[in-house]
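Chemist: Take a look at structure-v6.txt, compact mmCIF, C-alpha atoms:
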```txt
# COMPACT_ATOMS: atom_id res chain seq x y z
CA MET T 1 -20.51 -13.96 -21.50
CA THR T 2 -17.08 -12.51 -22.30
CA LYS T 3 -14.74 -11.51 -19.46
CA ARG T 4 -11.66 -9.38 -20.12
CA LEU T 5 -8.91 -8.56 -17.62
CA ILE T 6 -6.54 -5.69 -18.37
CA GLY T 7 -3.45 -5.43 -16.17
CA ILE T 8 -1.77 -2.03 -16.28
CA GLY T 9 1.64 -1.26 -14.85
CA ASN T 10 5.37 -1.42 -15.18
CA PRO T 11 6.96 -4.78 -14.32
CA ASP T 12 10.31 -3.08 -13.61
CA ARG T 13 9.04 -0.62 -10.98
CA GLY T 14 8.29 -2.58 -7.81
CA ASP T 15 4.68 -2.31 -6.74
CA ASP T 16 3.67 -0.70 -10.04
CA ALA T 17 3.86 -4.25 -11.42
CA ALA T 18 0.69 -5.25 -9.52
CA GLY T 19 -1.60 -5.20 -12.57
CA TRP T 20 0.83 -7.31 -14.59
CA LEU T 21 1.36 -9.77 -11.76
CA VAL T 22 -2.39 -10.36 -11.54
CA ALA T 23 -2.73 -10.65 -15.33
CA ASP T 24 0.14 -13.15 -15.49
CA ARG T 25 -1.69 -15.63 -13.29
CA VAL T 26 -5.40 -15.30 -14.00
CA THR T 27 -6.49 -18.13 -16.27
CA THR T 28 -10.28 -17.81 -16.40
CA TRP T 29 -10.40 -14.47 -18.24
CA SER T 30 -9.20 -13.13 -21.56
CA VAL T 31 -6.09 -11.22 -20.45
CA GLU T 32 -4.15 -8.23 -21.75
CA LYS T 33 -1.17 -6.44 -20.19
CA ARG T 34 -0.33 -2.80 -20.81
CA MET T 35 2.48 -0.54 -19.70
CA ALA T 36 0.18 2.48 -19.57
CA GLY T 37 -3.23 3.63 -20.53
CA SER T 38 -3.80 4.88 -24.04
CA LEU T 39 -6.79 5.67 -26.18
CA ASP T 40 -6.74 2.21 -27.77
CA LEU T 41 -7.70 0.82 -24.37
CA ILE T 42 -11.28 1.76 -25.32
CA GLN T 43 -11.02 -0.46 -28.41
CA SER T 44 -9.65 -3.36 -26.37
CA TRP T 45 -12.86 -3.61 -24.35
CA GLU T 46 -15.26 -2.98 -27.22
CA GLY T 47 -17.93 -5.67 -27.34
CA GLU T 48 -16.94 -7.14 -23.98
CA ASP T 49 -19.62 -7.94 -21.40
CA GLU T 50 -17.41 -7.70 -18.32
CA VAL T 51 -14.11 -5.85 -18.04
CA VAL T 52 -11.81 -5.55 -15.03
CA ILE T 53 -8.79 -3.28 -15.00
CA VAL T 54 -6.16 -3.91 -12.34
CA ASP T 55 -3.73 -1.06 -11.75
CA ALA T 56 -1.49 0.33 -9.06
CA MET T 57 -2.92 3.31 -7.22
CA LYS T 58 -1.73 6.07 -4.90
CA SER T 59 -4.55 7.09 -2.60
CA GLY T 60 -2.54 7.55 0.58
CA ALA T 61 -3.75 4.24 2.03
CA GLU T 62 -1.42 1.58 3.38
CA ALA T 63 0.56 -0.36 0.75
CA GLY T 64 -1.35 -3.44 -0.34
CA THR T 65 -4.79 -1.91 0.24
CA ILE T 66 -7.23 -3.07 -2.42
CA MET T 67 -10.05 -0.81 -3.61
CA HIS T 68 -12.82 -1.60 -6.09
CA PHE T 69 -14.37 1.07 -8.28
CA ASP T 70 -17.47 0.54 -10.40
CA ALA T 71 -16.50 2.75 -13.33
CA LEU T 72 -19.98 2.59 -14.85
CA ALA T 73 -21.56 4.03 -11.72
CA ASP T 74 -19.02 6.72 -10.82
CA ALA T 75 -16.00 8.58 -12.15
CA LEU T 76 -12.66 7.18 -11.03
CA PRO T 77 -10.70 9.40 -8.66
CA GLN T 78 -8.15 10.82 -11.10
CA ALA T 79 -5.50 11.59 -8.47
CA THR T 80 -5.64 7.96 -7.27
CA PHE T 81 -4.61 6.55 -10.66
CA PRO T 82 -1.80 8.81 -11.89
CA SER T 83 0.04 7.96 -15.08
CA THR T 84 3.61 8.91 -15.84
CA HIS T 85 3.38 7.88 -19.50
CA SER T 86 0.12 8.79 -21.14
CA PHE T 87 -3.49 8.80 -20.05
CA GLY T 88 -4.40 7.15 -16.79
CA PRO T 89 -7.43 4.89 -16.40
CA ALA T 90 -9.54 7.76 -15.00
CA GLU T 91 -9.10 9.91 -18.11
CA ILE T 92 -9.68 7.00 -20.49
CA VAL T 93 -12.84 5.87 -18.70
CA GLU T 94 -14.28 9.39 -18.78
CA LEU T 95 -13.49 9.76 -22.46
CA ALA T 96 -15.18 6.41 -23.15
CA ARG T 97 -18.18 7.51 -21.11
CA THR T 98 -18.43 10.73 -23.13
CA MET T 99 -18.16 8.77 -26.39
CA ASN T 100 -20.72 6.18 -25.19
CA ARG T 101 -18.14 3.39 -25.65
CA MET T 102 -18.24 1.67 -22.27
CA PRO T 103 -18.36 -2.11 -21.89
CA GLY T 104 -21.33 -3.85 -20.25
CA SER T 105 -19.54 -3.82 -16.88
CA LEU T 106 -16.31 -2.04 -15.94
CA MET T 107 -14.68 -2.60 -12.56
CA VAL T 108 -11.32 -1.05 -11.70
CA ILE T 109 -9.32 -2.73 -8.97
CA GLY T 110 -6.63 -0.52 -7.48
CA ILE T 111 -3.77 -1.91 -5.40
CA GLU T 112 -2.04 0.70 -3.26
CA VAL T 113 1.69 0.95 -3.97
CA GLY T 114 4.59 1.32 -1.60
CA ARG T 115 7.86 1.20 -3.57
CA THR T 116 8.03 2.03 -7.27
CA ASP T 117 11.72 2.64 -7.87
CA LEU T 118 13.28 1.13 -10.98
CA GLY T 119 14.46 -2.41 -10.26
CA ASP T 120 12.59 -2.77 -6.95
CA PRO T 121 10.71 -6.01 -6.36
CA PRO T 122 7.08 -5.74 -5.22
CA THR T 123 6.70 -5.21 -1.48
CA PRO T 124 5.35 -8.10 0.61
CA ALA T 125 2.08 -6.20 1.22
CA VAL T 126 1.47 -5.79 -2.51
CA ALA T 127 2.40 -9.43 -3.17
CA VAL T 128 -0.33 -10.46 -0.70
CA ALA T 129 -2.81 -8.07 -2.36
CA VAL T 130 -1.96 -9.56 -5.76
CA GLU T 131 -2.70 -13.07 -4.47
CA ARG T 132 -6.04 -11.94 -2.99
CA THR T 133 -6.99 -10.25 -6.27
CA ILE T 134 -6.09 -13.34 -8.31
CA LYS T 135 -8.28 -15.53 -6.08
CA GLU T 136 -11.15 -13.05 -6.33
CA LEU T 137 -11.00 -12.96 -10.12
CA GLU T 138 -10.58 -16.71 -10.53
CA ASN T 139 -13.71 -17.25 -8.43
CA ALA T 140 -15.79 -14.58 -10.18
```
How does this structure look as structure tokens?
Modeler:
Amino acid sequence: MTKRLIGIGNPDRGDDAAGWLVADRVTTWSVEKRMAGSLDLIQSWEGEDEVVIVDAMKSGAEAGTIMHFDALADALPQATFPSTHSFGPAEIVELARTMNRMPGSLMVIGIEVGRTDLGDPPTPAVAVAVERTIKELENA
């Protein structure tokens, strides 16, 4: 069974680096890092049995909150995964659903951000959430 982890974020914008930080340290999955979502994200999971996307989110929860979304079962909350560059994960997943190009399993793990200013380091709460997410994925 193939397992693919896609970390989305910006390593130079504090807590927005969460997806990259997870992807940098997970060793039991095929890993890819992306600055933003784009339509070729659909191609990157083609033929995969299990895909997990880790991205920063803004839901209004406390920084470091981790939420899991089964993207095969339900639409992602678009406002929770905004993108400043291109398409966000919510738009890409819905396009893939419409095109019938979803992987066998697609889980999106969102880590709530606090600071995202250019040059900021990740906040301690997000650093803890990153560690928890790494452990979860390594044991999956």
Chemist: So which one's closest to Ile66 (chain T), T:Val108, T:Ala140, T:Leu39, T:Met102? Using all atoms listed in the file, please.
Modeler: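 With all atoms listed in the file as the atom set, the closest residue is T:Val108.
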Chemist: Pick from T:Asp120, T:Glu48, T:Glu112, T:Asp74: nearest to Ser30 (chain T), with all atoms listed in the file counted?
Modeler: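 Using all atoms listed in the file, the shortest distance to Ser30 (chain T) belongs to T:Glu48.
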Chemist: If we count all atoms listed in the file, what is near region 14-17 of chain T at a cut-off of 7 Å, once residues fewer than 2 positions away on the same chain are taken out, given as a PyMOL selection string?
Modeler: chain T and resi 9-12+19-21+56+113-123+126
Chemist: Which one of T:Asp49, T:Val93, T:Asp40, T:Val54 sits closest to Ala23 (chain T) if you count only C-alpha atoms?
Modeler: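 Distance minimum relative to Ala23 (chain T) lands on T:Val54.
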Chemist: Counting only C-alpha atoms, which of T:Trp29, T:Leu137, T:Gln78, T:Met57 gets nearest to Met1 (chain T)?
Modeler: T:Trp29
Chemist: Using Å and a single decimal, report how far CA of Ala125 (chain T) sits from CA of Leu5 (chain T).
Modeler: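 Spanning CA of Leu5 (chain T) to CA of Ala125 (chain T) is a straight-line distance of 21.9 Å.
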Chemist: Please check which residues have atoms at most 9 Å from (-13.3, 9.1, -17.9) in the file's coordinates, counting only C-alpha atoms, and write them as a list in words.
Modeler: Ala71, Ala75, Leu76, Gln78, Pro89, Ala90, Glu91, Ile92, Val93, Glu94, Leu95, Ala96, Arg97 and Thr98 of chain T
Chemist: To one decimal place in Å, what is the distance between CA of Gln43 (chain T) and CA of Phe69 (chain T)?
Modeler: 20.5 Å
Chemist: Just the number, please: distance in Å from CA of Arg4 (chain T) to CA of Glu32 (chain T), one decimal.
Modeler: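 A separation of 7.8 Å between them.
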Chemist: Excluding same-chain residues fewer than 5 positions from Arg132 (chain T), what lies within 12 Å of it counting all atoms listed in the file, as a list in words?
Modeler: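 Those residues are Ala18, Leu21, Val22, Arg25, Val26, Gly64, Thr65, Ile66, Met67, Ile109, Ile111, Ala125, Val126, Ala127, Leu137, Glu138 and Asn139 of chain T.
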Chemist: What does the file look like for those residues with C-alpha atoms, as a PDB file, in the coordinates of the input?
Modeler:
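Final output, saved to selection34.pdb:
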```
ATOM      1  CA  ALA T  18       0.690  -5.250  -9.520  1.00  0.00           C
ATOM      2  CA  LEU T  21       1.360  -9.770 -11.760  1.00  0.00           C
ATOM      3  CA  VAL T  22      -2.390 -10.360 -11.540  1.00  0.00           C
ATOM      4  CA  ARG T  25      -1.690 -15.630 -13.290  1.00  0.00           C
ATOM      5  CA  VAL T  26      -5.400 -15.300 -14.000  1.00  0.00           C
ATOM      6  CA  GLY T  64      -1.350  -3.440  -0.340  1.00  0.00           C
ATOM      7  CA  THR T  65      -4.790  -1.910   0.240  1.00  0.00           C
ATOM      8  CA  ILE T  66      -7.230  -3.070  -2.420  1.00  0.00           C
ATOM      9  CA  MET T  67     -10.050  -0.810  -3.610  1.00  0.00           C
ATOM     10  CA  ILE T 109      -9.320  -2.730  -8.970  1.00  0.00           C
ATOM     11  CA  ILE T 111      -3.770  -1.910  -5.400  1.00  0.00           C
ATOM     12  CA  ALA T 125       2.080  -6.200   1.220  1.00  0.00           C
ATOM     13  CA  VAL T 126       1.470  -5.790  -2.510  1.00  0.00           C
ATOM     14  CA  ALA T 127       2.400  -9.430  -3.170  1.00  0.00           C
ATOM     15  CA  LEU T 137     -11.000 -12.960 -10.120  1.00  0.00           C
ATOM     16  CA  GLU T 138     -10.580 -16.710 -10.530  1.00  0.00           C
ATOM     17  CA  ASN T 139     -13.710 -17.250  -8.430  1.00  0.00           C
TER      18      ASN T 139
END
```
Chemist: Looking at T:Leu72, T:Gly60, T:Ala129, T:Thr80, which one is nearest to Ser105 (chain T), with distances taken over only C-alpha atoms?
Modeler: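 Closest to Ser105 (chain T) of all the choices is T:Leu72.
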Chemist: The residues within 6 Å of (-15.7, -7.6, -14.8), using only C-alpha atoms and the coordinates of the file, should be reported as a VMD selection string; which are they?
Modeler: chain T and resid 50 to 52 105 to 107
Chemist: Could those selected residues go to a file with C-alpha atoms, as a PDB file, in the coordinates of the input?
Modeler:
```pdb
ATOM      1  CA  GLU T  50     -17.410  -7.700 -18.320  1.00  0.00           C
ATOM      2  CA  VAL T  51     -14.110  -5.850 -18.040  1.00  0.00           C
ATOM      3  CA  VAL T  52     -11.810  -5.550 -15.030  1.00  0.00           C
ATOM      4  CA  SER T 105     -19.540  -3.820 -16.880  1.00  0.00           C
ATOM      5  CA  LEU T 106     -16.310  -2.040 -15.940  1.00  0.00           C
ATOM      6  CA  MET T 107     -14.680  -2.600 -12.560  1.00  0.00           C
TER       7      MET T 107
END
```
